[in-house]
Amino acid sequence: MKGEWCYFKQHFTQQQCDKIQQIVKVRPYNEASIGLAGGKIGVDNNYRRSNIRFAYQNDSELDWVFKDLWMLANWANKDWFNVHISKLDYIQIAEYDVSYKGEYKRHIDTFWLNNDPNYHRKISCIVQLTDPNTYEGCDLTFFDTTHFPNVDEIRTQGTVIFFPSVIAHAATPITKGTRYSIAAWFDGPKWQ
């Protein structure tokens with residue numbers, strides 16, 4: 001591995017980010033959940049507060065996003081991480097709003113004890129969909145890494161950041177406005 005993260009600044013245009021937001025805002029949303037003890041999934045507002053929507057492979061409106069993220073993930077993986085990835089099943093579009101004090105505390109994206117006999121999350125990806133001048137707080141933060149990305153760079157609308165799913169990270173509390181982002185997880189054979 002050459003690094004703990006890499007990003008593509010303004011990969012998606014403002015128009016593309018706005019289009020994604022328009023497409024997903026009319027879809028039903030759920031209150032975000034987390035993995036709990038015993039493999040259960042549940043809502044814990046002390047740990048994570050956001051609304052989420054999902055899009056799955058072959059989504060006719062967002063197929064272009066899947067293709068673009070898969071291309072970028074393979075590029076990032078080849079140049080930076082060198083892990084075995086083989087699929088991207090879905091993306092999650094998250095909304096963090098000041099009205100419910102949106103945030104997601106320190107966590108990792110790999111579920112070590114998952115119910116999938118074949119796959120683990122290997123690479124995580126966050127796409128910044130919102131103009132950073134329209135909200136405050138809600139910064140992507142990393143823990144226990146040697147180097148940290150420039151916060152202003154990765155807050156730039158359209159920026160896509162990749163990092164190994166085992167790296168601890170968080171979305172700090174939002175203090176003004178609303179932030180939208182995409183989270184995607186590229187799976188590969190179980191870690192051994």
# chains A, B, ... in the order shown; residues from 1 in each chain; ligands from 1
>>> residues_around(residues="Ile23 in chain A", least_positions_apart="5", cutoff="12 Å", atoms="only C-alpha atoms", output="PyMOL selection string")
chain A and resi 16-18+28+53-55+59-62+65+93
>>> residues_around(residues="range 67-80 of chain A", least_positions_apart="2", cutoff="12 Å", atoms="only C-alpha atoms", output="MDAnalysis selection string")
chainID A and resid 1:9 11:12 16 56:60 62:65 82:91 122:127 158:164 182:188
>>> write_last_selection(atoms="C-alpha atoms", output="CSV table (one decimal), in the first residue's frame")
chain,number,residue,atom,x,y,z
A,1,MET,CA,0.0,0.0,0.0
A,2,LYS,CA,1.4,3.4,-1.0
A,3,GLY,CA,-0.9,5.5,1.1
A,4,GLU,CA,-3.8,5.6,3.5
A,5,TRP,CA,-6.1,7.6,1.2
A,6,CYS,CA,-6.3,9.3,-2.1
A,7,TYR,CA,-8.7,11.7,-3.7
A,8,PHE,CA,-9.8,13.1,-7.0
A,9,LYS,CA,-10.6,16.7,-6.6
A,11,HIS,CA,-14.1,14.7,-10.3
A,12,PHE,CA,-17.9,15.2,-10.5
A,16,GLN,CA,-23.6,16.2,-11.9
A,56,TYR,CA,-28.4,-0.5,-6.4
A,57,GLN,CA,-26.5,-1.7,-9.5
A,58,ASN,CA,-28.5,-1.3,-12.7
A,59,ASP,CA,-30.3,1.7,-11.4
A,60,SER,CA,-31.3,3.4,-14.6
A,62,LEU,CA,-27.6,6.4,-11.5
A,63,ASP,CA,-25.9,3.7,-13.6
A,64,TRP,CA,-23.4,6.3,-14.8
A,65,VAL,CA,-22.4,7.0,-11.2
A,82,ASN,CA,-3.4,-3.0,-4.1
A,83,VAL,CA,-6.2,-5.1,-2.5
A,84,HIS,CA,-8.5,-7.5,-4.2
A,85,ILE,CA,-11.8,-5.8,-5.1
A,86,SER,CA,-14.5,-7.5,-7.2
A,87,LYS,CA,-17.8,-5.8,-6.7
A,88,LEU,CA,-19.8,-2.7,-5.9
A,89,ASP,CA,-23.4,-3.7,-5.1
A,90,TYR,CA,-24.9,-0.4,-4.0
A,91,ILE,CA,-24.3,3.2,-3.0
A,122,LYS,CA,-12.1,-3.5,1.2
A,123,ILE,CA,-12.2,0.1,0.0
A,124,SER,CA,-14.5,2.9,1.1
A,125,CYS,CA,-15.4,5.9,-1.0
A,126,ILE,CA,-17.0,9.2,-0.1
A,127,VAL,CA,-18.3,11.6,-2.8
A,158,GLY,CA,-17.5,16.7,-6.6
A,159,THR,CA,-14.4,15.4,-4.8
A,160,VAL,CA,-14.1,11.6,-4.4
A,161,ILE,CA,-12.0,10.2,-1.7
A,162,PHE,CA,-11.0,6.5,-1.3
A,163,PHE,CA,-9.5,4.8,1.7
A,164,PRO,CA,-9.2,1.3,3.1
A,182,ILE,CA,-22.4,9.3,-1.4
A,183,ALA,CA,-20.7,6.4,0.4
A,184,ALA,CA,-19.7,3.4,-1.6
A,185,TRP,CA,-18.0,0.2,-0.5
A,186,PHE,CA,-15.9,-2.0,-2.9
A,187,ASP,CA,-16.0,-5.6,-1.7
A,188,GLY,CA,-13.5,-8.3,-2.2
>>> closest_residue(among="A:Ala171, A:Ile20, A:Val26, A:Ala32", to="Cys138 in chain A", atoms="only C-alpha atoms")
A:Ala171
>>> closest_residue(among="A:Gln10, A:Ala94, A:Tyr47, A:His120", to="Lys25 in chain A", atoms="only C-alpha atoms")
A:Ala94
>>> closest_residue(among="A:Thr141, A:Gln21, A:Asn150, A:Ser33", to="Pro173 in chain A", atoms="only C-alpha atoms")
A:Thr141
>>> atom_distance(atom1="CA of Arg48 in chain A", atom2="CA of Lys101 in chain A")
9.7 Å
>>> atom_distance(atom1="CA of Asn115 in chain A", atom2="CA of Val166 in chain A")
17.6 Å
>>> atom_distance(atom1="CA of Thr156 in chain A", atom2="CA of Arg27 in chain A")
25.1 Å
>>> closest_residue(among="A:Asn30, A:Thr172, A:Gln14, A:Ser181", to="Gly102 in chain A", atoms="only C-alpha atoms")
A:Thr172
>>> select_by_dssp(residues="range 4-188 of chain A", states="strand (DSSP E)", output="number ranges by chain")
A: 6-8, 30-31, 34-35, 41-42, 48-49, 51-56, 90-97, 103-107, 119-128, 136-137, 140-142, 160-164, 169-171, 174-176, 178-188
>>> closest_residue(among="A:Gly137, A:Gly177, A:Pro132, A:Gly42", to="Arg155 in chain A", atoms="only C-alpha atoms")
A:Pro132
>>> residues_around(residues="range 105-113 of chain A", least_positions_apart="3", cutoff="6 Å", atoms="only C-alpha atoms", output="PDB file with C-alpha atoms, in the first residue's frame")
ATOM      1  CA  TYR A  47     -23.779   7.405  17.546  1.00  0.00           C
ATOM      2  CA  ARG A 121     -15.567  -4.358   2.444  1.00  0.00           C
ATOM      3  CA  SER A 165     -12.418   0.272   4.834  1.00  0.00           C
ATOM      4  CA  VAL A 166     -10.466  -0.699   7.973  1.00  0.00           C
ATOM      5  CA  ILE A 167      -9.408   2.921   8.657  1.00  0.00           C
ATOM      6  CA  ALA A 168     -11.372   4.622  11.445  1.00  0.00           C
ATOM      7  CA  HIS A 169     -13.175   7.776  10.348  1.00  0.00           C
ATOM      8  CA  ALA A 170     -16.104  10.020  11.263  1.00  0.00           C
TER       9      ALA A 170
END
